[in-house]
$ cat start_24.csv   # CSV, C-alpha atoms
chain,number,residue,atom,x,y,z
A,1,MET,CA,0.0,0.0,0.0
A,2,GLU,CA,1.1,3.6,-0.4
A,3,PRO,CA,2.7,4.3,3.0
A,4,GLY,CA,1.0,7.0,4.9
A,5,ALA,CA,-2.3,6.7,3.0
A,6,GLU,CA,-3.9,4.4,5.4
A,7,GLY,CA,-4.3,4.3,9.2
A,8,THR,CA,-1.9,2.7,11.6
A,9,THR,CA,-2.1,-1.1,11.7
A,10,THR,CA,-0.9,-3.4,14.5
A,11,ILE,CA,0.2,-7.0,14.5
A,12,ASP,CA,-2.3,-9.5,15.8
A,13,PRO,CA,-1.8,-9.7,19.6
A,14,ARG,CA,-1.8,-13.5,19.6
A,15,LEU,CA,0.9,-13.6,16.9
A,16,ALA,CA,2.9,-11.0,18.8
A,17,ALA,CA,2.6,-12.9,22.0
A,18,ARG,CA,3.8,-16.1,20.4
A,19,ALA,CA,6.7,-14.3,18.8
A,20,GLU,CA,7.6,-12.8,22.2
A,21,ARG,CA,7.5,-16.1,24.0
A,22,ARG,CA,9.9,-17.6,21.5
A,23,ASP,CA,12.0,-14.5,21.2
A,24,LEU,CA,11.5,-14.4,17.4
A,25,LEU,CA,10.7,-11.7,14.9
A,26,THR,CA,7.6,-11.6,12.7
A,27,LEU,CA,7.8,-10.6,9.0
A,28,GLY,CA,5.6,-9.7,6.1
A,29,ILE,CA,6.0,-8.6,2.5
A,30,GLU,CA,4.4,-6.0,0.2
A,31,GLU,CA,4.8,-6.6,-3.5
A,32,GLU,CA,3.9,-4.3,-6.4
A,33,TYR,CA,3.1,-5.6,-9.9
A,34,LEU,CA,2.5,-4.3,-13.4
A,35,LEU,CA,-0.7,-4.9,-15.3
A,36,VAL,CA,-0.2,-5.7,-19.0
A,37,ASP,CA,-2.5,-6.4,-21.9
A,38,ALA,CA,-3.8,-10.0,-22.3
A,39,THR,CA,-1.9,-10.5,-25.6
A,40,GLU,CA,0.4,-7.5,-26.1
A,41,PRO,CA,3.3,-6.6,-23.8
A,42,ARG,CA,2.2,-3.0,-23.1
A,43,GLY,CA,0.9,-1.8,-19.8
A,44,VAL,CA,-2.9,-1.3,-19.4
A,45,GLU,CA,-5.0,0.8,-17.0
A,46,THR,CA,-7.1,-2.1,-15.6
A,47,VAL,CA,-6.5,-1.7,-11.9
A,48,GLU,CA,-10.1,-0.9,-11.0
A,49,ALA,CA,-11.4,-3.8,-13.1
A,50,VAL,CA,-8.9,-6.2,-11.5
A,51,ILE,CA,-9.8,-5.1,-7.9
A,52,GLU,CA,-13.5,-5.7,-8.8
A,53,GLN,CA,-12.6,-9.3,-9.7
A,54,VAL,CA,-10.6,-10.0,-6.6
A,55,SER,CA,-12.3,-12.5,-4.2
A,56,GLU,CA,-13.7,-11.2,-0.9
A,57,GLU,CA,-11.2,-13.2,1.2
A,58,LEU,CA,-8.2,-11.5,-0.6
A,59,ARG,CA,-9.7,-8.0,-1.0
A,60,ALA,CA,-8.2,-6.6,2.3
A,61,SER,CA,-4.7,-7.5,1.1
A,62,VAL,CA,-4.9,-5.8,-2.3
A,63,GLN,CA,-4.3,-2.1,-2.8
A,64,HIS,CA,-4.0,0.5,-5.5
A,65,GLU,CA,-0.6,1.8,-6.4
A,66,TYR,CA,0.4,5.1,-7.9
A,67,LEU,CA,-0.5,4.4,-11.6
A,68,ARG,CA,-3.6,2.6,-13.0
A,69,SER,CA,-1.3,0.0,-14.6
A,70,GLN,CA,-0.1,-1.1,-11.1
A,71,ILE,CA,-1.5,-3.1,-8.2
A,72,GLU,CA,-0.1,-4.1,-4.8
A,73,VAL,CA,-0.5,-6.8,-2.3
A,74,ALA,CA,0.4,-7.0,1.4
A,75,SER,CA,0.8,-10.3,3.2
A,76,PRO,CA,-0.5,-10.7,6.8
A,77,PRO,CA,2.4,-10.7,9.3
A,78,GLN,CA,3.8,-14.2,9.7
A,79,LEU,CA,6.2,-16.0,12.1
A,80,GLU,CA,7.1,-19.0,9.9
A,81,LEU,CA,8.6,-18.5,6.4
A,82,VAL,CA,6.4,-21.4,5.2
A,83,GLY,CA,3.3,-19.4,6.3
A,84,LEU,CA,4.5,-16.4,4.4
A,85,TYR,CA,5.2,-18.5,1.3
A,86,GLU,CA,1.7,-19.9,1.4
A,87,ALA,CA,0.1,-16.5,2.0
A,88,MET,CA,2.0,-15.0,-1.0
A,89,THR,CA,1.2,-18.0,-3.2
A,90,THR,CA,-2.5,-17.4,-2.6
A,91,LEU,CA,-2.2,-13.7,-3.2
A,92,ARG,CA,-0.2,-14.0,-6.4
A,93,THR,CA,-2.4,-16.7,-7.8
A,94,GLY,CA,-5.6,-15.0,-6.8
A,95,LEU,CA,-4.5,-11.7,-8.2
A,96,ALA,CA,-3.3,-13.2,-11.5
A,97,ASP,CA,-6.7,-14.9,-11.9
A,98,ALA,CA,-8.4,-11.6,-11.2
A,99,ALA,CA,-6.2,-9.8,-13.8
A,100,GLU,CA,-7.1,-12.4,-16.4
A,101,ARG,CA,-10.8,-12.1,-15.7
A,102,ALA,CA,-10.3,-8.3,-16.2
A,103,GLY,CA,-8.6,-8.9,-19.6
A,104,SER,CA,-5.0,-8.3,-18.5
A,105,ARG,CA,-2.0,-10.1,-17.0
A,106,LEU,CA,-0.1,-9.7,-13.7
A,107,VAL,CA,3.7,-9.2,-14.2
A,108,ALA,CA,6.3,-9.1,-11.5
A,109,ALA,CA,8.9,-6.7,-13.0
A,110,GLY,CA,10.6,-3.6,-11.6
A,111,CYS,CA,9.5,-1.5,-14.5
A,112,GLY,CA,7.7,-1.8,-17.8
A,113,PRO,CA,9.9,-3.9,-20.2
A,114,ALA,CA,8.0,-3.1,-23.4
A,115,ALA,CA,7.4,0.2,-25.2
A,116,GLY,CA,4.0,1.8,-24.7
A,117,PRO,CA,2.3,5.0,-23.6
A,118,ASN,CA,2.7,6.4,-20.1
A,119,THR,CA,-0.3,5.4,-18.0
A,120,ARG,CA,-2.4,7.7,-15.9
A,121,LEU,CA,-2.5,8.2,-12.1
A,122,VAL,CA,-5.0,6.4,-9.9
A,123,ASP,CA,-7.7,9.0,-9.2
A,124,LYS,CA,-6.8,9.7,-5.5
A,125,PRO,CA,-6.4,13.3,-4.1
A,126,ARG,CA,-3.0,12.4,-2.6
A,127,TYR,CA,-1.6,11.1,-5.9
A,128,HIS,CA,-2.8,14.2,-7.7
A,129,ARG,CA,-1.0,16.3,-5.1
A,130,MET,CA,2.1,14.3,-5.7
A,131,ARG,CA,1.9,14.9,-9.4
A,132,GLU,CA,1.3,18.6,-9.0
A,133,ARG,CA,4.3,19.0,-6.7
A,134,PHE,CA,6.8,16.6,-8.2
A,135,GLY,CA,5.9,16.3,-11.8
A,136,ASP,CA,6.4,13.2,-14.0
A,137,LEU,CA,8.9,11.3,-11.9
A,138,SER,CA,7.4,7.9,-12.7
A,139,PRO,CA,7.2,7.6,-16.5
A,140,GLY,CA,6.0,4.5,-18.3
A,141,GLN,CA,3.7,1.9,-16.7
A,142,GLY,CA,5.1,2.2,-13.2
A,143,LEU,CA,7.9,1.2,-10.8
A,144,CYS,CA,7.4,-2.0,-8.8
A,145,GLY,CA,9.3,-3.0,-5.7
A,146,THR,CA,9.3,-5.4,-2.8
A,147,HIS,CA,9.1,-4.2,0.8
A,148,VAL,CA,9.9,-6.5,3.7
A,149,HIS,CA,8.7,-5.7,7.2
A,150,VAL,CA,10.5,-7.2,10.2
A,151,SER,CA,9.1,-6.6,13.8
A,152,ILE,CA,11.1,-4.4,16.2
A,153,PRO,CA,10.6,-4.0,20.0
A,154,ASP,CA,10.4,-0.2,19.9
A,155,ASP,CA,11.2,2.9,17.8
A,156,GLU,CA,14.4,3.8,19.5
A,157,THR,CA,15.8,0.3,19.0
A,158,GLY,CA,14.5,0.4,15.4
A,159,VAL,CA,16.5,3.6,14.6
A,160,ARG,CA,19.7,2.0,15.9
A,161,ILE,CA,19.0,-1.1,13.7
A,162,LEU,CA,18.5,1.3,10.7
A,163,ASN,CA,22.1,2.5,11.3
A,164,HIS,CA,23.5,-1.0,11.4
A,165,LEU,CA,21.5,-2.0,8.2
A,166,ARG,CA,23.1,0.7,6.0
A,167,PRO,CA,26.2,-1.3,4.7
A,168,TRP,CA,24.2,-4.5,4.0
A,169,LEU,CA,21.4,-3.2,1.8
A,170,PRO,CA,23.3,-2.9,-1.5
A,171,VAL,CA,23.8,-6.7,-1.4
A,172,LEU,CA,20.1,-7.3,-1.0
A,173,GLN,CA,19.4,-4.8,-3.8
A,174,ALA,CA,21.7,-6.8,-6.1
A,175,ALA,CA,19.9,-10.0,-5.2
A,176,THR,CA,16.5,-8.7,-6.3
A,177,ALA,CA,17.6,-7.0,-9.6
A,178,ASN,CA,14.7,-7.6,-12.0
A,179,SER,CA,14.3,-4.6,-14.4
A,180,PRO,CA,17.0,-4.7,-17.1
A,181,LEU,CA,14.5,-3.7,-19.8
A,182,PHE,CA,12.6,-0.5,-20.3
A,183,GLY,CA,10.6,0.8,-23.2
A,184,GLY,CA,11.6,-2.3,-25.3
A,185,ARG,CA,15.3,-2.1,-24.9
A,186,ASP,CA,18.1,-3.3,-22.6
A,187,THR,CA,19.1,-0.4,-20.4
A,188,GLY,CA,22.5,-1.7,-19.5
A,189,TYR,CA,21.4,-1.9,-15.8
A,190,ALA,CA,20.2,-5.0,-13.9
A,191,SER,CA,17.8,-2.7,-12.0
A,192,TRP,CA,16.7,0.2,-14.2
A,193,ARG,CA,13.9,0.8,-11.7
A,194,SER,CA,16.5,1.8,-9.1
A,195,MET,CA,17.8,4.5,-11.4
A,196,MET,CA,14.4,5.9,-12.2
A,197,TRP,CA,13.3,5.7,-8.6
A,198,GLU,CA,16.2,7.7,-7.3
A,199,ARG,CA,14.8,10.8,-9.1
A,200,TRP,CA,12.3,11.3,-6.2
A,201,PRO,CA,13.8,13.7,-3.7
A,202,THR,CA,13.7,11.5,-0.6
A,203,VAL,CA,14.8,8.2,-2.2
A,204,GLY,CA,18.2,6.9,-1.2
A,205,PRO,CA,20.2,5.3,1.6
A,206,THR,CA,19.1,5.9,5.2
A,207,PRO,CA,21.2,8.6,6.8
A,208,TYR,CA,23.1,7.9,10.0
A,209,LEU,CA,20.6,8.7,12.8
A,210,GLN,CA,21.4,10.0,16.3
A,211,SER,CA,18.2,8.9,17.9
A,212,TYR,CA,14.5,8.5,17.3
A,213,ASP,CA,14.0,12.2,18.0
A,214,HIS,CA,16.5,12.9,15.2
A,215,TYR,CA,14.5,10.6,12.9
A,216,LEU,CA,11.3,12.6,13.7
A,217,THR,CA,13.1,15.9,13.3
A,218,LEU,CA,14.3,14.9,9.8
A,219,ILE,CA,10.8,13.9,8.8
A,220,SER,CA,9.5,17.2,10.0
A,221,ASP,CA,12.2,19.1,8.2
A,222,LEU,CA,11.7,17.2,5.0
A,223,GLU,CA,8.0,17.9,5.0
A,224,ALA,CA,8.6,21.6,5.7
A,225,SER,CA,11.1,21.7,2.8
A,226,GLY,CA,8.4,20.5,0.4
A,227,ALA,CA,10.5,17.4,-0.5
A,228,MET,CA,7.7,15.2,0.7
A,229,LEU,CA,4.0,15.6,1.4
A,230,ASP,CA,4.0,13.4,4.5
A,231,GLU,CA,5.8,10.6,6.3
A,232,GLY,CA,4.6,8.1,3.7
A,233,MET,CA,6.9,9.7,1.2
A,234,LEU,CA,10.0,9.0,3.3
A,235,TYR,CA,11.4,6.7,0.6
A,236,TRP,CA,14.7,5.8,2.3
A,237,TYR,CA,16.0,2.2,1.6
A,238,ALA,CA,15.1,1.3,5.2
A,239,ARG,CA,12.9,3.1,7.5
A,240,LEU,CA,10.5,2.7,10.4
A,241,SER,CA,7.1,1.8,8.9
A,242,ALA,CA,4.4,4.4,9.2
A,243,ASN,CA,1.8,1.7,9.6
A,244,TYR,CA,3.3,-1.3,11.4
A,245,PRO,CA,5.7,-1.7,14.4
A,246,THR,CA,8.4,-2.8,12.0
A,247,VAL,CA,11.6,-1.9,10.2
A,248,GLU,CA,10.7,-1.7,6.5
A,249,ILE,CA,13.4,-2.7,4.0
A,250,ARG,CA,12.4,-1.4,0.7
A,251,MET,CA,15.2,-1.0,-1.9
A,252,GLY,CA,14.5,-4.1,-4.0
A,253,ASP,CA,12.8,-4.8,-7.3
A,254,VAL,CA,9.7,-7.0,-7.2
A,255,THR,CA,11.1,-10.5,-8.0
A,256,PRO,CA,9.8,-12.8,-10.7
A,257,THR,CA,9.5,-15.9,-8.4
A,258,LEU,CA,8.4,-16.4,-4.8
A,259,ASP,CA,11.6,-18.3,-4.2
A,260,ASP,CA,13.5,-15.0,-4.7
A,261,ALA,CA,11.0,-13.1,-2.6
A,262,MET,CA,11.2,-15.6,0.3
A,263,LEU,CA,15.0,-15.5,0.2
A,264,LEU,CA,14.9,-11.8,0.5
A,265,ALA,CA,12.4,-12.0,3.4
A,266,ALA,CA,14.4,-14.6,5.3
A,267,LEU,CA,17.7,-12.7,4.9
A,268,ALA,CA,16.1,-9.5,5.9
A,269,ARG,CA,14.7,-11.1,9.1
A,270,GLY,CA,18.0,-12.8,9.8
A,271,LEU,CA,19.9,-9.5,9.3
A,272,VAL,CA,17.5,-7.5,11.6
A,273,ALA,CA,17.7,-10.2,14.3
A,274,THR,CA,21.5,-10.3,14.1
A,275,LEU,CA,21.7,-6.5,14.3
A,276,LEU,CA,19.2,-6.4,17.1
A,277,ALA,CA,21.5,-8.6,19.2
A,278,GLU,CA,24.4,-6.3,18.4
A,279,VAL,CA,22.3,-3.2,19.4
A,280,ARG,CA,21.4,-4.9,22.7
A,281,ASP,CA,25.1,-5.6,23.3
A,282,GLY,CA,25.9,-1.9,22.8
A,283,ALA,CA,27.7,-2.2,19.5
A,284,GLU,CA,28.0,1.0,17.5
A,285,ALA,CA,27.1,1.0,13.9
A,286,PRO,CA,29.7,1.9,11.3
A,287,ASP,CA,29.1,5.4,10.0
A,288,VAL,CA,29.6,4.6,6.4
A,289,PRO,CA,30.0,7.8,4.3
A,290,HIS,CA,26.9,8.6,2.3
A,291,PRO,CA,28.8,8.9,-1.1
A,292,LEU,CA,30.2,5.4,-0.6
A,293,LEU,CA,26.7,4.0,0.1
A,294,MET,CA,25.4,5.7,-3.0
A,295,ALA,CA,28.3,4.1,-5.0
A,296,ALA,CA,27.4,0.7,-3.6
A,297,HIS,CA,23.8,1.0,-4.5
A,298,TRP,CA,24.6,2.2,-8.0
A,299,ARG,CA,26.9,-0.8,-8.4
A,300,ALA,CA,24.1,-3.1,-7.2
A,301,ALA,CA,21.7,-1.5,-9.7
A,302,LYS,CA,24.2,-1.8,-12.5
A,303,ASP,CA,25.4,-5.4,-12.1
A,304,GLY,CA,22.9,-7.2,-9.9
A,305,LEU,CA,24.5,-10.4,-8.6
A,306,GLU,CA,26.2,-11.2,-11.9
A,307,GLY,CA,28.9,-8.6,-11.6
A,308,LEU,CA,30.7,-6.7,-8.9
A,309,GLY,CA,29.5,-5.3,-5.6
A,310,LEU,CA,31.2,-2.9,-3.2
A,311,ASP,CA,32.6,-4.5,-0.1
A,312,MET,CA,31.7,-1.9,2.6
A,313,ALA,CA,34.4,-3.2,5.0
A,314,SER,CA,37.4,-3.0,2.6
A,315,ARG,CA,35.8,-0.4,0.3
A,316,GLU,CA,36.9,-2.4,-2.7
A,317,PRO,CA,34.9,-4.1,-5.5
A,318,ARG,CA,34.2,-7.8,-5.0
A,319,PRO,CA,32.2,-10.4,-6.9
A,320,ALA,CA,28.6,-9.7,-5.8
A,321,TRP,CA,27.9,-13.4,-5.2
A,322,ARG,CA,30.8,-13.5,-2.7
A,323,LEU,CA,29.2,-10.6,-0.8
A,324,LEU,CA,25.8,-12.4,-0.7
A,325,ARG,CA,27.5,-15.5,0.7
A,326,GLN,CA,29.2,-13.4,3.3
A,327,LEU,CA,25.8,-12.0,4.3
A,328,VAL,CA,24.3,-15.5,4.6
A,329,ASP,CA,27.2,-16.6,6.7
A,330,TYR,CA,26.9,-13.5,8.9
A,331,VAL,CA,23.3,-14.1,9.7
A,332,ARG,CA,23.4,-17.9,9.7
A,333,PRO,CA,22.9,-18.2,13.5
A,334,GLU,CA,19.7,-16.2,13.4
A,335,LEU,CA,18.5,-18.0,10.3
A,336,GLU,CA,18.8,-21.3,12.2
A,337,ARG,CA,17.2,-19.9,15.3
A,338,HIS,CA,14.2,-18.7,13.3
A,339,GLY,CA,14.0,-22.1,11.5
A,340,ASP,CA,15.0,-20.7,8.1
A,341,GLY,CA,18.6,-22.0,7.7
A,342,GLN,CA,17.9,-25.0,5.5
A,343,LEU,CA,15.5,-23.1,3.3
A,344,VAL,CA,17.9,-20.3,2.8
A,345,THR,CA,20.6,-22.7,1.7
A,346,VAL,CA,18.2,-24.2,-0.9
A,347,LEU,CA,16.9,-20.9,-2.1
A,348,THR,CA,20.4,-19.4,-2.3
A,349,ASP,CA,21.6,-22.3,-4.4
A,350,ARG,CA,18.5,-22.0,-6.6
A,351,LEU,CA,19.1,-18.3,-7.1
A,352,ARG,CA,22.8,-19.1,-8.0
A,353,SER,CA,21.8,-21.7,-10.6
A,354,ARG,CA,19.0,-19.6,-12.1
A,355,GLY,CA,20.3,-16.1,-11.8
A,356,THR,CA,18.5,-13.0,-10.8
A,357,GLY,CA,15.4,-11.9,-12.7
A,358,ALA,CA,17.6,-9.5,-14.7
A,359,ALA,CA,19.9,-12.3,-15.7
A,360,ARG,CA,17.1,-14.6,-16.7
A,361,GLN,CA,15.4,-11.9,-18.8
A,362,ARG,CA,18.7,-11.3,-20.6
A,363,ALA,CA,19.3,-15.0,-21.1
A,364,LEU,CA,16.0,-15.1,-23.0
A,365,LEU,CA,17.0,-12.2,-25.1
A,366,ALA,CA,20.3,-13.9,-25.9
A,367,LYS,CA,18.4,-16.9,-27.2
A,368,GLY,CA,16.5,-14.6,-29.6
A,369,VAL,CA,13.3,-14.3,-27.6
A,370,PRO,CA,11.7,-10.9,-28.3
A,371,VAL,CA,10.7,-8.5,-25.6
A,372,ALA,CA,7.1,-9.6,-26.0
A,373,GLY,CA,8.2,-13.1,-25.3
A,374,VAL,CA,10.1,-12.0,-22.2
A,375,VAL,CA,6.9,-10.4,-20.9
A,376,ASP,CA,5.0,-13.6,-21.6
A,377,TRP,CA,7.7,-15.4,-19.5
A,378,LEU,CA,7.4,-12.9,-16.7
A,379,ALA,CA,3.6,-13.3,-16.6
A,380,ARG,CA,3.8,-17.1,-16.4
A,381,THR,CA,6.6,-16.9,-13.8
A,382,THR,CA,4.7,-14.5,-11.7
A,383,ARG,CA,2.0,-17.0,-11.1
A,384,GLY,CA,4.5,-19.9,-10.8
A,385,GLU,CA,3.8,-21.7,-14.1
A,386,THR,CA,7.3,-21.7,-15.7
A,387,GLU,CA,9.1,-23.2,-12.7
A,388,ARG,CA,6.8,-24.4,-9.9
A,389,ASP,CA,8.5,-23.4,-6.7
A,390,GLU,CA,9.0,-26.4,-4.5
A,391,ASN,CA,6.9,-26.6,-1.4
A,392,LEU,CA,8.8,-25.1,1.4
A,393,SER,CA,7.3,-27.2,4.1
$ encode --input "start_24.csv" --output "structure tokens"
Amino acid sequence: MEPGAEGTTTIDPRLAARAERRDLLTLGIEEEYLLVDATEPRGVETVEAVIEQVSEELRASVQHEYLRSQIEVASPPQLELVGLYEAMTTLRTGLADAAERAGSRLVAAGCGPAAGPNTRLVDKPRYHRMRERFGDLSPGQGLCGTHVHVSIPDDETGVRILNHLRPWLPVLQAATANSPLFGGRDTGYASWRSMMWERWPTVGPTPYLQSYDHYLTLISDLEASGAMLDEGMLYWYARLSANYPTVEIRMGDVTPTLDDAMLLAALARGLVATLLAEVRDGAEAPDVPHPLLMAAHWRAAKDGLEGLGLDMASREPRPAWRLLRQLVDYVRPELERHGDGQLVTVLTDRLRSRGTGAARQRALLAKGVPVAGVVDWLARTTRGETERDENLS
């Protein structure tokens, strides 16, 4: 959902109590998708018709996004990764069915791969105010990402976790790269969405924060500057959620498969849990220079996992896959404690063998598949038809 547009939501008390008894963190996912024509690869403005076709049991988890050729789902908070996988399978399949009944297709891609006219805004006052103030910063059919929510004990602790997260997020960004094509051509970037998204004034790495009061002061100052309408437009790559008692990690493209999305969710929770322990032990976060973080995120957008990443400790380029392996090793104890260790091993190996969404799209192009065929593949993959993800139970 568009952050800040809805009221505050809390985690179910029974789930929160179960997580507290076991000293575990809950997690949830929001995914944004494109809506494309039933036979052509161009985006279509069918979001209202699709929502009308969504079943009643799923309706509460489906939201509008910024453009009429986009739609979003938000999973219920979960404690087990298997539960999250099952919830997202139901949402993806149900929404893909609704899109087909409305004469379109659901596509999990970071931006519109095929050429086509820009699509219009969803008719909401807030979106119109955004367009009036910021102009046309989202051309094409829309920009689609994945947001992972991980529970935190309180806002002050959450701010300290945000500081510790900063050096790790470029690695997760590289792992989700899924937008090499835009307007019918290869952009030369694994995540072109990242480059277009950065044009908004509040998009970028989270700054080093002194306290929760400092966090609130920055929000107030940014609103006063005109750079954002409200807290919902705080588009840092990690932030405190405006709607949930969570840290929200939000720099990644939407991924073509749920395997990739579940790997991101598990690593995000493992990372937050690892950093929470460090915060409780009084460890100080490294104050990584902002320009270096910008360089690392640019490198992640350019290469994905198939090229180089920036090692934030040595400040030298390293193979991105090596950096991902280092992250998995770093959070392994918390992955095991949350019951995700074996699954992460399987999903990491699967991502290594298949490649990121960007790599897989380019592999199709290299075989002579046209852009329209890549969009066909994305639509089938979004609903799990091309490679049925193995049951995670």
$ closest_atom_pairs --input "start_24.csv" --of "stretch 103-165 of chain A" --to "stretch 215-234 of chain A" --cutoff "10 Å" --atoms "only C-alpha atoms" --output "CSV"
residue,atom,partner,partner_atom,distance
A:Arg126,CA,A:Leu229,CA,8.7
A:Arg129,CA,A:Leu229,CA,8.2
A:Met130,CA,A:Leu229,CA,7.5
A:Arg133,CA,A:Gly226,CA,8.3
A:Phe134,CA,A:Ala227,CA,8.6
A:Asp155,CA,A:Tyr215,CA,9.7
A:Glu156,CA,A:Tyr215,CA,9.5
A:Val159,CA,A:Tyr215,CA,7.5
$ atom_distance --input "start_24.csv" --atom1 "atom CA of A:Glu31" --atom2 "atom CA of A:Pro201"
22.2 Å
$ residues_around --input "start_24.csv" --residues "A:Glu334" --least-positions-apart "5" --cutoff "9 Å" --atoms "only C-alpha atoms" --output "NGL selection string"
:A and (269-271 or 273-274 or 339-341)
$ residues_around --input "start_24.csv" --residues "A:Val47" --least-positions-apart "4" --cutoff "8 Å" --atoms "all atoms listed in the file" --output "ChimeraX atom specification"
/A:35,51,64,68-71
$ closest_residue --input "start_24.csv" --among "A:Glu32, A:Glu45, A:Glu316, A:Asp303" --to "A:Pro117" --atoms "all atoms listed in the file"
A:Glu45
$ residues_around --input "start_24.csv" --residues "stretch 368-371 of chain A" --least-positions-apart "6" --cutoff "8 Å" --atoms "all atoms listed in the file" --output "list in words"
Pro41, Pro113, Ala114, Gly184 and Arg185 of chain A
$ residues_around --input "start_24.csv" --residues "stretch 14-26 of chain A" --least-positions-apart "3" --cutoff "8 Å" --atoms "all atoms listed in the file" --output "list in words"
Ile11, Pro77, Gln78, Leu79, Glu80, Val150, Ser151, Ile152, Arg269, Ala273 and His338 of chain A
$ atom_distance --input "start_24.csv" --atom1 "atom CA of A:Asn178" --atom2 "atom CA of A:Asp259"
13.6 Å
$ residues_around --input "start_24.csv" --residues "stretch 169-171 of chain A" --least-positions-apart "3" --cutoff "8 Å" --atoms "all atoms listed in the file" --output "list in words"
Leu165, Arg166, Ala174, Ala175, Tyr237, Met251, Leu293, Ala296, His297, Ala300, Gly309, Ala320, Leu323 and Leu324 of chain A
$ closest_residue --input "start_24.csv" --among "A:Thr206, A:Thr381, A:Gln173, A:Thr348" --to "A:Arg193" --atoms "only C-alpha atoms"
A:Gln173
$ closest_residue --input "start_24.csv" --among "A:Ala109, A:Met262, A:Leu181, A:Ala49" --to "A:Ile29" --atoms "all atoms listed in the file"
A:Met262
$ closest_residue --input "start_24.csv" --among "A:Arg383, A:Arg250, A:Lys302, A:Arg59" --to "A:Thr187" --atoms "all atoms listed in the file"
A:Lys302
$ atom_distance --input "start_24.csv" --atom1 "atom CA of A:Ala98" --atom2 "atom CA of A:Gly384"
15.3 Å
$ build_atoms --input "start_24.csv" --residues "stretch 216-228 of chain A" --atoms "N, CA, C and O atoms" --output "CSV table (one decimal), keeping the file's coordinate frame"
chain,number,residue,atom,x,y,z
A,216,LEU,N,12.5,11.8,13.8
A,216,LEU,CA,11.3,12.6,13.7
A,216,LEU,C,11.6,14.0,13.2
A,216,LEU,O,10.8,14.6,12.4
A,217,THR,N,12.7,14.5,13.7
A,217,THR,CA,13.1,15.9,13.3
A,217,THR,C,13.4,15.9,11.8
A,217,THR,O,12.9,16.9,11.1
A,218,LEU,N,14.1,14.9,11.2
A,218,LEU,CA,14.3,14.9,9.8
A,218,LEU,C,13.0,14.8,9.0
A,218,LEU,O,12.9,15.4,8.0
A,219,ILE,N,12.1,14.0,9.5
A,219,ILE,CA,10.8,13.9,8.8
A,219,ILE,C,10.1,15.2,8.8
A,219,ILE,O,9.6,15.7,7.7
A,220,SER,N,10.1,15.9,9.9
A,220,SER,CA,9.5,17.2,10.0
A,220,SER,C,10.2,18.2,9.1
A,220,SER,O,9.5,19.0,8.3
A,221,ASP,N,11.5,18.2,9.1
A,221,ASP,CA,12.2,19.1,8.2
A,221,ASP,C,12.0,18.9,6.7
A,221,ASP,O,11.9,19.8,5.9
A,222,LEU,N,11.9,17.6,6.4
A,222,LEU,CA,11.7,17.2,5.0
A,222,LEU,C,10.3,17.6,4.5
A,222,LEU,O,10.1,18.1,3.4
A,223,GLU,N,9.3,17.5,5.4
A,223,GLU,CA,8.0,17.9,5.0
A,223,GLU,C,8.0,19.4,4.9
A,223,GLU,O,7.4,20.0,3.9
A,224,ALA,N,8.6,20.1,5.8
A,224,ALA,CA,8.6,21.6,5.7
A,224,ALA,C,9.4,22.1,4.5
A,224,ALA,O,9.0,23.1,3.9
A,225,SER,N,10.3,21.3,4.0
A,225,SER,CA,11.1,21.7,2.8
A,225,SER,C,10.3,21.6,1.5
A,225,SER,O,10.7,22.1,0.5
A,226,GLY,N,9.2,20.8,1.6
A,226,GLY,CA,8.4,20.5,0.4
A,226,GLY,C,8.9,19.3,-0.3
A,226,GLY,O,8.3,18.9,-1.4
A,227,ALA,N,10.0,18.6,0.1
A,227,ALA,CA,10.5,17.4,-0.5
A,227,ALA,C,9.6,16.2,-0.4
A,227,ALA,O,9.8,15.2,-1.1
A,228,MET,N,8.6,16.2,0.5
A,228,MET,CA,7.7,15.2,0.7
A,228,MET,C,6.4,15.7,1.3
A,228,MET,O,6.4,16.7,2.0
